[in-house]
>>> print(open('work_20.pdb').read())   # PDB, C-alpha atoms and all ligand atoms
ATOM      1  CA  MET A  29      45.656  98.234  23.995
ATOM      2  CA  GLU A  30      49.079  98.552  25.624
ATOM      3  CA  THR A  31      50.698 100.188  22.614
ATOM      4  CA  ILE A  32      48.419 103.200  22.797
ATOM      5  CA  GLN A  33      49.622 104.059  26.297
ATOM      6  CA  VAL A  34      53.274 104.038  25.307
ATOM      7  CA  THR A  35      52.826 106.952  22.941
ATOM      8  CA  GLU A  36      51.419 109.164  25.674
ATOM      9  CA  GLU A  37      54.670 109.649  27.483
ATOM     10  CA  ASN A  38      53.566 112.620  29.501
ATOM     11  CA  GLU A  39      50.451 110.981  30.780
ATOM     12  CA  GLN A  40      51.145 109.289  34.056
ATOM     13  CA  HIS A  41      49.901 105.742  34.601
ATOM     14  CA  PRO A  42      47.318 105.805  37.445
ATOM     15  CA  ASP A  43      49.374 103.239  39.383
ATOM     16  CA  VAL A  44      52.220 105.727  39.831
ATOM     17  CA  ALA A  45      50.156 107.914  42.161
ATOM     18  CA  LEU A  46      48.804 104.884  44.026
ATOM     19  CA  VAL A  47      52.294 103.488  44.576
ATOM     20  CA  ALA A  48      53.522 106.879  45.798
ATOM     21  CA  SER A  49      50.648 107.127  48.297
ATOM     22  CA  ALA A  50      51.149 103.566  49.496
ATOM     23  CA  ARG A  51      54.829 104.285  50.010
ATOM     24  CA  ALA A  52      53.937 107.290  52.108
ATOM     25  CA  GLY A  53      51.902 105.018  54.366
ATOM     26  CA  ASP A  54      48.453 105.163  52.765
ATOM     27  CA  VAL A  55      47.278 101.574  53.238
ATOM     28  CA  GLN A  56      44.048 102.274  51.339
ATOM     29  CA  ALA A  57      46.029 103.089  48.214
ATOM     30  CA  PHE A  58      47.722  99.732  48.439
ATOM     31  CA  GLU A  59      44.361  98.022  48.884
ATOM     32  CA  THR A  60      43.245  99.609  45.617
ATOM     33  CA  LEU A  61      46.225  97.997  43.898
ATOM     34  CA  VAL A  62      45.392  94.623  45.472
ATOM     35  CA  ASN A  63      41.822  94.925  44.216
ATOM     36  CA  LYS A  64      43.006  95.834  40.776
ATOM     37  CA  TYR A  65      45.431  92.976  40.215
ATOM     38  CA  ASP A  66      44.559  90.073  42.520
ATOM     39  CA  ARG A  67      42.690  88.123  39.843
ATOM     40  CA  GLN A  68      45.475  88.428  37.299
ATOM     41  CA  ILE A  69      48.070  87.364  39.858
ATOM     42  CA  PHE A  70      45.922  84.396  40.810
ATOM     43  CA  ARG A  71      45.553  83.301  37.172
ATOM     44  CA  ILE A  72      49.271  83.546  36.506
ATOM     45  CA  ALA A  73      50.111  81.659  39.702
ATOM     46  CA  GLN A  74      47.580  78.972  38.846
ATOM     47  CA  HIS A  75      49.052  78.536  35.353
ATOM     48  CA  ILE A  76      52.480  77.971  36.860
ATOM     49  CA  THR A  77      51.674  75.935  39.967
ATOM     50  CA  GLN A  78      48.543  74.213  38.621
ATOM     51  CA  ASN A  79      47.411  74.022  42.219
ATOM     52  CA  ARG A  80      44.624  76.088  43.759
ATOM     53  CA  GLU A  81      45.964  76.387  47.290
ATOM     54  CA  ASP A  82      49.428  77.281  46.058
ATOM     55  CA  ALA A  83      48.009  79.920  43.738
ATOM     56  CA  GLN A  84      46.031  81.492  46.584
ATOM     57  CA  ASP A  85      49.129  81.511  48.778
ATOM     58  CA  VAL A  86      51.059  83.151  45.961
ATOM     59  CA  VAL A  87      48.502  85.972  45.764
ATOM     60  CA  GLN A  88      48.988  86.669  49.453
ATOM     61  CA  ASP A  89      52.776  86.326  49.456
ATOM     62  CA  ALA A  90      53.295  88.324  46.266
ATOM     63  CA  PHE A  91      51.332  91.325  47.517
ATOM     64  CA  LEU A  92      52.975  91.228  50.933
ATOM     65  CA  LYS A  93      56.398  91.035  49.356
ATOM     66  CA  ALA A  94      55.528  93.916  47.040
ATOM     67  CA  TYR A  95      54.381  95.976  50.026
ATOM     68  CA  GLU A  96      57.578  95.258  51.902
ATOM     69  CA  LYS A  97      59.736  96.130  48.915
ATOM     70  CA  LEU A  98      57.772  99.147  47.782
ATOM     71  CA  ASP A  99      60.767 101.347  48.575
ATOM     72  CA  GLN A 100      62.891  99.381  46.146
ATOM     73  CA  PHE A 101      60.404  99.698  43.315
ATOM     74  CA  GLN A 102      61.960 101.720  40.517
ATOM     75  CA  GLY A 103      59.533 103.883  38.660
ATOM     76  CA  ASN A 104      61.097 102.911  35.338
ATOM     77  CA  SER A 105      59.072  99.727  35.044
ATOM     78  CA  LYS A 106      55.342  99.406  35.490
ATOM     79  CA  PHE A 107      54.078  98.403  38.913
ATOM     80  CA  TYR A 108      52.051  95.629  37.315
ATOM     81  CA  THR A 109      55.004  93.988  35.545
ATOM     82  CA  TRP A 110      57.078  94.350  38.691
ATOM     83  CA  LEU A 111      54.313  92.619  40.668
ATOM     84  CA  VAL A 112      54.000  89.865  38.050
ATOM     85  CA  ARG A 113      57.725  89.192  38.323
ATOM     86  CA  ILE A 114      57.419  88.754  42.079
ATOM     87  CA  ALA A 115      54.425  86.446  41.587
ATOM     88  CA  VAL A 116      56.250  84.346  38.960
ATOM     89  CA  ASN A 117      59.184  83.836  41.338
ATOM     90  CA  GLU A 118      56.910  82.937  44.251
ATOM     91  CA  SER A 119      55.014  80.491  42.020
ATOM     92  CA  LEU A 120      58.191  78.793  40.837
ATOM     93  CA  MET A 121      59.337  78.446  44.441
ATOM     94  CA  ARG A 122      56.091  76.719  45.389
ATOM     95  CA  LEU A 123      56.249  74.471  42.359
ATOM     96  CA  ARG A 124      59.800  73.427  43.198
ATOM     97  CA  LYS A 125      58.759  72.612  46.743
ATOM     98  CA  ARG A 126      56.089  70.246  45.463
ATOM     99  CA  ARG A 127      58.267  68.642  42.864
ATOM    100  CA  THR A 128      61.468  68.138  44.752
ATOM    101  CA  GLY A 129      64.105  66.578  42.578
ATOM    102  CA  LYS A 130      62.411  67.528  39.329
ATOM    103  CA  MET A 131      63.776  70.313  37.178
ATOM    104  CA  VAL A 132      61.426  73.267  37.182
ATOM    105  CA  SER A 133      62.399  76.068  34.868
ATOM    106  CA  ILE A 134      60.809  78.483  32.455
ATOM    107  CA  ASP A 135      64.157  78.814  30.794
ATOM    108  CA  GLU A 136      64.347  75.188  29.765
ATOM    109  CA  ASP A 137      63.726  74.960  26.047
ATOM    110  CA  ILE A 138      61.589  72.026  25.124
ATOM    111  CA  GLU A 139      62.630  70.523  21.829
ATOM    112  CA  THR A 140      59.372  69.435  20.378
ATOM    113  CA  ASP A 141      58.008  69.138  16.917
ATOM    114  CA  GLU A 142      54.484  69.067  18.195
ATOM    115  CA  GLY A 143      52.529  71.809  16.548
ATOM    116  CA  SER A 144      55.529  73.268  14.770
ATOM    117  CA  VAL A 145      53.999  71.923  11.590
ATOM    118  CA  PRO A 146      50.223  72.117  11.712
ATOM    119  CA  ARG A 147      48.754  68.698  11.084
ATOM    120  CA  ASP A 148      45.084  69.049  11.776
ATOM    121  CA  LEU A 149      44.070  71.297   8.931
ATOM    122  CA  ALA A 150      40.333  70.860   9.111
ATOM    123  CA  ASP A 151      38.531  74.157   9.429
ATOM    124  CA  TRP A 152      36.620  74.809  12.649
ATOM    125  CA  SER A 153      32.903  75.235  12.922
ATOM    126  CA  PRO A 154      31.818  78.848  13.082
ATOM    127  CA  ASN A 155      31.863  79.914  16.760
ATOM    128  CA  PRO A 156      32.902  76.449  17.934
ATOM    129  CA  GLU A 157      32.745  77.508  21.586
ATOM    130  CA  GLN A 158      28.978  77.695  21.295
ATOM    131  CA  ASN A 159      28.768  73.934  20.848
ATOM    132  CA  PHE A 160      29.779  73.462  24.469
ATOM    133  CA  GLY A 161      28.327  74.452  27.806
ATOM    134  CA  GLN A 162      30.249  77.042  29.831
ATOM    135  CA  ALA A 163      31.623  74.528  32.325
ATOM    136  CA  GLU A 164      32.500  72.017  29.629
ATOM    137  CA  LEU A 165      34.299  74.654  27.573
ATOM    138  CA  ALA A 166      36.261  75.898  30.592
ATOM    139  CA  GLU A 167      37.324  72.315  31.286
ATOM    140  CA  ILE A 168      38.502  71.847  27.684
ATOM    141  CA  LEU A 169      40.495  75.099  27.778
ATOM    142  CA  ARG A 170      42.033  74.213  31.142
ATOM    143  CA  LYS A 171      42.989  70.687  30.147
ATOM    144  CA  THR A 172      44.454  71.892  26.875
ATOM    145  CA  ILE A 173      46.696  74.596  28.288
ATOM    146  CA  GLN A 174      47.740  72.440  31.235
ATOM    147  CA  GLY A 175      49.235  69.942  28.793
ATOM    148  CA  LEU A 176      51.731  72.485  27.475
ATOM    149  CA  PRO A 177      55.299  72.724  28.810
ATOM    150  CA  LEU A 178      55.639  75.288  31.639
ATOM    151  CA  GLY A 179      57.552  77.887  29.618
ATOM    152  CA  PHE A 180      55.045  77.720  26.779
ATOM    153  CA  ARG A 181      51.900  78.128  28.832
ATOM    154  CA  VAL A 182      53.308  80.979  30.907
ATOM    155  CA  VAL A 183      54.501  82.911  27.859
ATOM    156  CA  PHE A 184      51.123  82.426  26.170
ATOM    157  CA  GLN A 185      49.248  83.520  29.282
ATOM    158  CA  LEU A 186      51.306  86.666  29.903
ATOM    159  CA  ARG A 187      51.632  87.758  26.307
ATOM    160  CA  ASP A 188      48.305  86.766  24.748
ATOM    161  CA  VAL A 189      45.880  86.718  27.653
ATOM    162  CA  GLU A 190      47.169  89.216  30.228
ATOM    163  CA  GLY A 191      48.284  91.625  27.532
ATOM    164  CA  LEU A 192      51.965  92.121  28.392
ATOM    165  CA  SER A 193      54.209  93.146  25.515
ATOM    166  CA  THR A 194      56.894  90.774  24.225
ATOM    167  CA  GLU A 195      59.555  92.873  25.988
ATOM    168  CA  GLU A 196      57.631  92.927  29.269
ATOM    169  CA  THR A 197      57.099  89.165  29.084
ATOM    170  CA  ALA A 198      60.819  88.665  28.511
ATOM    171  CA  GLU A 199      61.727  90.960  31.382
ATOM    172  CA  THR A 200      59.224  89.360  33.741
ATOM    173  CA  LEU A 201      60.363  85.808  33.029
ATOM    174  CA  GLY A 202      64.066  86.503  32.660
ATOM    175  CA  LEU A 203      64.049  85.296  29.058
ATOM    176  CA  SER A 204      65.449  86.884  25.926
ATOM    177  CA  VAL A 205      63.047  88.441  23.423
ATOM    178  CA  PRO A 206      63.794  85.769  20.763
ATOM    179  CA  ALA A 207      63.148  83.055  23.364
ATOM    180  CA  VAL A 208      59.763  84.579  24.170
ATOM    181  CA  LYS A 209      58.914  84.793  20.478
ATOM    182  CA  SER A 210      59.825  81.190  19.763
ATOM    183  CA  ARG A 211      57.848  79.933  22.777
ATOM    184  CA  LEU A 212      54.853  82.047  21.851
ATOM    185  CA  LEU A 213      54.659  80.681  18.320
ATOM    186  CA  ARG A 214      54.933  77.100  19.487
ATOM    187  CA  ALA A 215      52.437  77.651  22.302
ATOM    188  CA  ARG A 216      49.902  79.143  19.925
ATOM    189  CA  LEU A 217      50.325  76.346  17.390
ATOM    190  CA  GLN A 218      50.175  73.585  19.983
ATOM    191  CA  LEU A 219      47.043  74.997  21.559
ATOM    192  CA  ARG A 220      45.493  75.323  18.121
ATOM    193  CA  GLU A 221      46.366  71.746  17.247
ATOM    194  CA  ARG A 222      44.940  70.398  20.498
ATOM    195  CA  LEU A 223      41.766  72.485  20.376
ATOM    196  CA  SER A 224      41.179  71.283  16.833
ATOM    197  CA  ARG A 225      40.122  67.911  18.229
ATOM    198  CA  TYR A 226      37.130  69.589  19.822
ATOM    199  CA  PHE A 227      36.400  72.418  17.448
ATOM    200  CA  ARG A 228      36.942  70.967  13.975
ATOM    201  CA  LYS A 229      34.029  70.971  11.615
ATOM    202  CA  LYS A 230      32.444  67.562  11.448
ATOM    203  CA  LYS A 231      32.194  65.914   8.074
ATOM    204  CA  ALA A 232      28.838  64.500   7.066
ATOM    205  CA  GLY A 233      28.220  61.247   8.942
ATOM    206  CA  GLU A 234      30.880  61.975  11.585
ATOM    207  CA  LYS A 235      29.775  62.001  15.158
TER     208      LYS A 235
ATOM    209  CA  MET B  11      56.461  82.089  -0.568
ATOM    210  CA  THR B  12      56.340  78.540   0.812
ATOM    211  CA  CYS B  13      54.097  77.277   3.613
ATOM    212  CA  SER B  14      56.998  77.124   6.084
ATOM    213  CA  GLU B  15      58.003  80.683   5.243
ATOM    214  CA  PHE B  16      54.421  81.687   5.849
ATOM    215  CA  LEU B  17      54.378  79.848   9.169
ATOM    216  CA  ALA B  18      57.571  81.574  10.307
ATOM    217  CA  LEU B  19      55.779  84.905   9.916
ATOM    218  CA  LEU B  20      52.482  83.768  11.385
ATOM    219  CA  ASP B  21      52.978  85.495  14.749
ATOM    220  CA  GLU B  22      54.001  88.777  13.154
ATOM    221  CA  LEU B  23      50.929  88.623  10.960
ATOM    222  CA  ILE B  24      48.637  87.901  13.924
ATOM    223  CA  ASP B  25      50.273  90.620  16.017
ATOM    224  CA  ASP B  26      50.084  93.008  13.110
ATOM    225  CA  SER B  27      53.792  93.778  13.052
ATOM    226  CA  VAL B  28      54.706  93.084   9.424
ATOM    227  CA  SER B  29      55.733  95.573   6.795
ATOM    228  CA  THR B  30      53.289  96.422   4.037
ATOM    229  CA  GLU B  31      55.488  94.618   1.551
ATOM    230  CA  THR B  32      55.580  91.410   3.590
ATOM    231  CA  ARG B  33      51.873  91.648   4.213
ATOM    232  CA  THR B  34      51.214  91.688   0.487
ATOM    233  CA  GLN B  35      53.340  88.551   0.050
ATOM    234  CA  LEU B  36      51.544  86.838   2.909
ATOM    235  CA  ARG B  37      48.138  87.709   1.481
ATOM    236  CA  GLU B  38      49.225  86.411  -1.888
ATOM    237  CA  HIS B  39      50.216  83.084  -0.354
ATOM    238  CA  LEU B  40      46.956  82.918   1.600
ATOM    239  CA  SER B  41      44.807  83.410  -1.443
ATOM    240  CA  GLY B  42      46.220  80.234  -2.973
ATOM    241  CA  CYS B  43      46.747  78.083   0.105
ATOM    242  CA  GLU B  44      43.798  76.768   2.027
ATOM    243  CA  HIS B  45      45.988  75.055   4.638
ATOM    244  CA  CYS B  46      47.668  78.260   5.716
ATOM    245  CA  GLU B  47      44.367  80.083   5.692
ATOM    246  CA  VAL B  48      42.904  77.506   8.085
ATOM    247  CA  THR B  49      46.016  77.661  10.279
ATOM    248  CA  LEU B  50      45.821  81.448  10.468
ATOM    249  CA  ASN B  51      42.104  81.589  11.214
ATOM    250  CA  THR B  52      42.090  78.828  13.808
ATOM    251  CA  THR B  53      45.186  80.218  15.549
ATOM    252  CA  ARG B  54      43.498  83.615  15.775
ATOM    253  CA  LYS B  55      40.405  81.912  17.142
ATOM    254  CA  THR B  56      42.506  80.019  19.702
ATOM    255  CA  ILE B  57      43.875  83.276  21.112
ATOM    256  CA  GLU B  58      40.462  84.911  21.073
ATOM    257  CA  ILE B  59      38.848  82.021  22.971
ATOM    258  CA  TYR B  60      41.506  82.071  25.684
ATOM    259  CA  ARG B  61      41.146  85.828  25.996
ATOM    260  CA  SER B  62      37.406  85.805  26.368
ATOM    261  CA  HIS B  63      36.994  82.852  28.724
ATOM    262  CA  GLU B  64      38.142  82.756  32.296
ATOM    263  CA  VAL B  65      40.098  79.532  32.729
ATOM    264  CA  TYR B  66      40.834  80.035  36.416
ATOM    265  CA  GLU B  67      38.367  82.035  38.430
ATOM    266  CA  LEU B  68      38.981  83.464  41.855
ATOM    267  CA  PRO B  69      35.637  83.405  43.699
ATOM    268  CA  ASN B  70      34.675  86.625  45.482
ATOM    269  CA  THR B  71      34.580  84.940  48.872
ATOM    270  CA  VAL B  72      38.191  83.834  48.436
ATOM    271  CA  ARG B  73      39.178  87.270  47.130
ATOM    272  CA  ASP B  74      37.711  88.935  50.191
ATOM    273  CA  ARG B  75      39.458  86.530  52.536
ATOM    274  CA  LEU B  76      42.839  86.977  50.813
ATOM    275  CA  ARG B  77      42.515  90.748  50.706
ATOM    276  CA  ALA B  78      41.567  90.911  54.383
ATOM    277  CA  ALA B  79      44.607  88.778  55.266
ATOM    278  CA  ILE B  80      46.941  90.909  53.153
ATOM    279  CA  MET B  81      45.635  94.202  54.516
ATOM    280  CA  ALA B  82      45.723  93.019  58.133
ATOM    281  CA  ARG B  83      49.429  92.275  57.773
ATOM    282  CA  CYS B  84      50.135  95.536  55.934
ATOM    283  CA  LYS B  85      48.473  97.570  58.661
ATOM    284  CA  ASN B  86      50.706  95.871  61.183
ATOM    285  CA  GLY B  87      53.702  96.909  59.163
ATOM    286  CA  CYS B  88      53.936  93.371  57.685
TER     287      CYS B  88
HETATM  288 ZN    ZN A 301      50.610  77.572   2.700
END
>>> encode(input="work_20.pdb", output="structure tokens", more="lines below")
Ligand SMILES: [Zn+2]
Amino acid sequence: METIQVTEENEQHPDVALVASARAGDVQAFETLVNKYDRQIFRIAQHITQNREDAQDVVQDAFLKAYEKLDQFQGNSKFYTWLVRIAVNESLMRLRKRRTGKMVSIDEDIETDEGSVPRDLADWSPNPEQNFGQAELAEILRKTIQGLPLGFRVVFQLRDVEGLSTEETAETLGLSVPAVKSRLLRARLQLRERLSRYFRKKKAGEK
Amino acid sequence: MTCSEFLALLDELIDDSVSTETRTQLREHLSGCEHCEVTLNTTRKTIEIYRSHEVYELPNTVRDRLRAAIMARCKNGC
């Protein structure tokens, strides 16, 4: 979906006009941007902090910071990725506050073999998500992604769920493109491996 | 192509960024390797499930409260 927009160089992204108006003092234009991105910012903050109150605070702080710094925003990156970068930094700050003494970094490369070689090779049932209630499924998905190292779950969320490109993900997180790629592969494989416990096709007689 | 070579190209295959030549090799491997076929399909499904299900929802009441707080401060020049 993102790749299509890149080819239309002359077509201006709708955020450009909104940012320009907001800069000129149009508060309504900024409210439109808040409305457009608050849920995404909340999700990203929640994936990093894993704490509801912190994530809500991040939404507020990230937008206020963006508003304050609107003059510094360079039109050469998208407003959304710029906003995400602010939110990631705010989230990391909150996380560090809660975990004083512990290393908190997206940059830290976790040496792990988990998932690098797929072990659970049973096929999944067709539409496995339908075997669970909505709330139960959400709980499984939450628990599963929460178990991943910080750098893995954030890369997966930005790249695969929020739809940022590999380059945008790298830029937003301050990682190199190869680092994003290696984290993405391992995140995908680890999630797959862990979800397999719930979604694998049952053999006859298995409960 | 071996299974580990296939695995190294898994992301490119999923993201549809392989050359036609490589794609043919990957397909060839897939047709004879059930393990890699399962890995590919279930990895695709993993991404699809996370895309289509909201893991963390922001309730509308909270959204409204946050937005009101943000806008109140913006109107006061932050
Ligand atoms: Zn294979």
>>> closest_atom_pairs(input="work_20.pdb", of="chain B", to="ligand ZN 301 (chain A)", cutoff="9 Å", atoms="all atoms listed in the file", output="tab-separated table")
residue	atom	partner	partner_atom	distance
B:Met11	CA	A:ZN301	ZN	8.1
B:Thr12	CA	A:ZN301	ZN	6.1
B:Cys13	CA	A:ZN301	ZN	3.6
B:Ser14	CA	A:ZN301	ZN	7.2
B:Glu15	CA	A:ZN301	ZN	8.4
B:Phe16	CA	A:ZN301	ZN	6.4
B:Leu17	CA	A:ZN301	ZN	7.8
B:His39	CA	A:ZN301	ZN	6.3
B:Leu40	CA	A:ZN301	ZN	6.6
B:Gly42	CA	A:ZN301	ZN	7.7
B:Cys43	CA	A:ZN301	ZN	4.7
B:Glu44	CA	A:ZN301	ZN	6.9
B:His45	CA	A:ZN301	ZN	5.6
B:Cys46	CA	A:ZN301	ZN	4.3
B:Glu47	CA	A:ZN301	ZN	7.4
B:Thr49	CA	A:ZN301	ZN	8.9
>>> interface_residues(input="work_20.pdb", of="chain A", to="chain B", cutoff="8 Å", atoms="all atoms listed in the file", output="VMD selection string")
chain A and resid 55 59 62 to 63 66 to 67 70 to 71 74 84 87 to 88 91 to 92 95 to 96 146 149 to 152 157 166 to 167 169 to 170 188 to 189 213 216 to 217 219 to 220 223
>>> resolve_selection(input="work_20.pdb", expression="the PyMOL selection byres (((chain A and resi 72) around 9) and not hetatm)", output="PyMOL selection string")
chain A and resi 67-71+73-77+83+112+115-116+119+182+185-186+190
>>> write_last_selection(input="work_20.pdb", atoms="C-alpha atoms", output="PDB file, in the coordinates of the input")
ATOM      1  CA  ARG A  67      42.690  88.123  39.843  1.00  0.00           C
ATOM      2  CA  GLN A  68      45.475  88.428  37.299  1.00  0.00           C
ATOM      3  CA  ILE A  69      48.070  87.364  39.858  1.00  0.00           C
ATOM      4  CA  PHE A  70      45.922  84.396  40.810  1.00  0.00           C
ATOM      5  CA  ARG A  71      45.553  83.301  37.172  1.00  0.00           C
ATOM      6  CA  ALA A  73      50.111  81.659  39.702  1.00  0.00           C
ATOM      7  CA  GLN A  74      47.580  78.972  38.846  1.00  0.00           C
ATOM      8  CA  HIS A  75      49.052  78.536  35.353  1.00  0.00           C
ATOM      9  CA  ILE A  76      52.480  77.971  36.860  1.00  0.00           C
ATOM     10  CA  THR A  77      51.674  75.935  39.967  1.00  0.00           C
ATOM     11  CA  ALA A  83      48.009  79.920  43.738  1.00  0.00           C
ATOM     12  CA  VAL A 112      54.000  89.865  38.050  1.00  0.00           C
ATOM     13  CA  ALA A 115      54.425  86.446  41.587  1.00  0.00           C
ATOM     14  CA  VAL A 116      56.250  84.346  38.960  1.00  0.00           C
ATOM     15  CA  SER A 119      55.014  80.491  42.020  1.00  0.00           C
ATOM     16  CA  VAL A 182      53.308  80.979  30.907  1.00  0.00           C
ATOM     17  CA  GLN A 185      49.248  83.520  29.282  1.00  0.00           C
ATOM     18  CA  LEU A 186      51.306  86.666  29.903  1.00  0.00           C
ATOM     19  CA  GLU A 190      47.169  89.216  30.228  1.00  0.00           C
TER      20      GLU A 190
END
>>> atom_distance(input="work_20.pdb", atom1="atom CA of A:His41", atom2="atom CA of A:Arg181")
28.3 Å
>>> atom_distance(input="work_20.pdb", atom1="atom CA of A:Ala198", atom2="atom CA of A:Pro177")
16.9 Å
>>> atom_distance(input="work_20.pdb", atom1="atom CA of B:Asn86", atom2="atom CA of A:Val47")
18.3 Å
>>> closest_residue(input="work_20.pdb", among="A:Ile168, A:Asp85, A:Ile173, A:Arg51", to="B:Arg75", atoms="all atoms listed in the file")
A:Asp85
>>> resolve_selection(input="work_20.pdb", expression="the PyMOL selection byres (((chain A and resi 226) around 10) and not hetatm)", output="PyMOL selection string")
chain A and resi 152-153+156-157+159-160+165+168+221-225+227-230
>>> closest_residue(input="work_20.pdb", among="A:Leu120, A:Phe180, A:Ala48, A:Lys171", to="A:Glu136", atoms="all atoms listed in the file")
A:Phe180
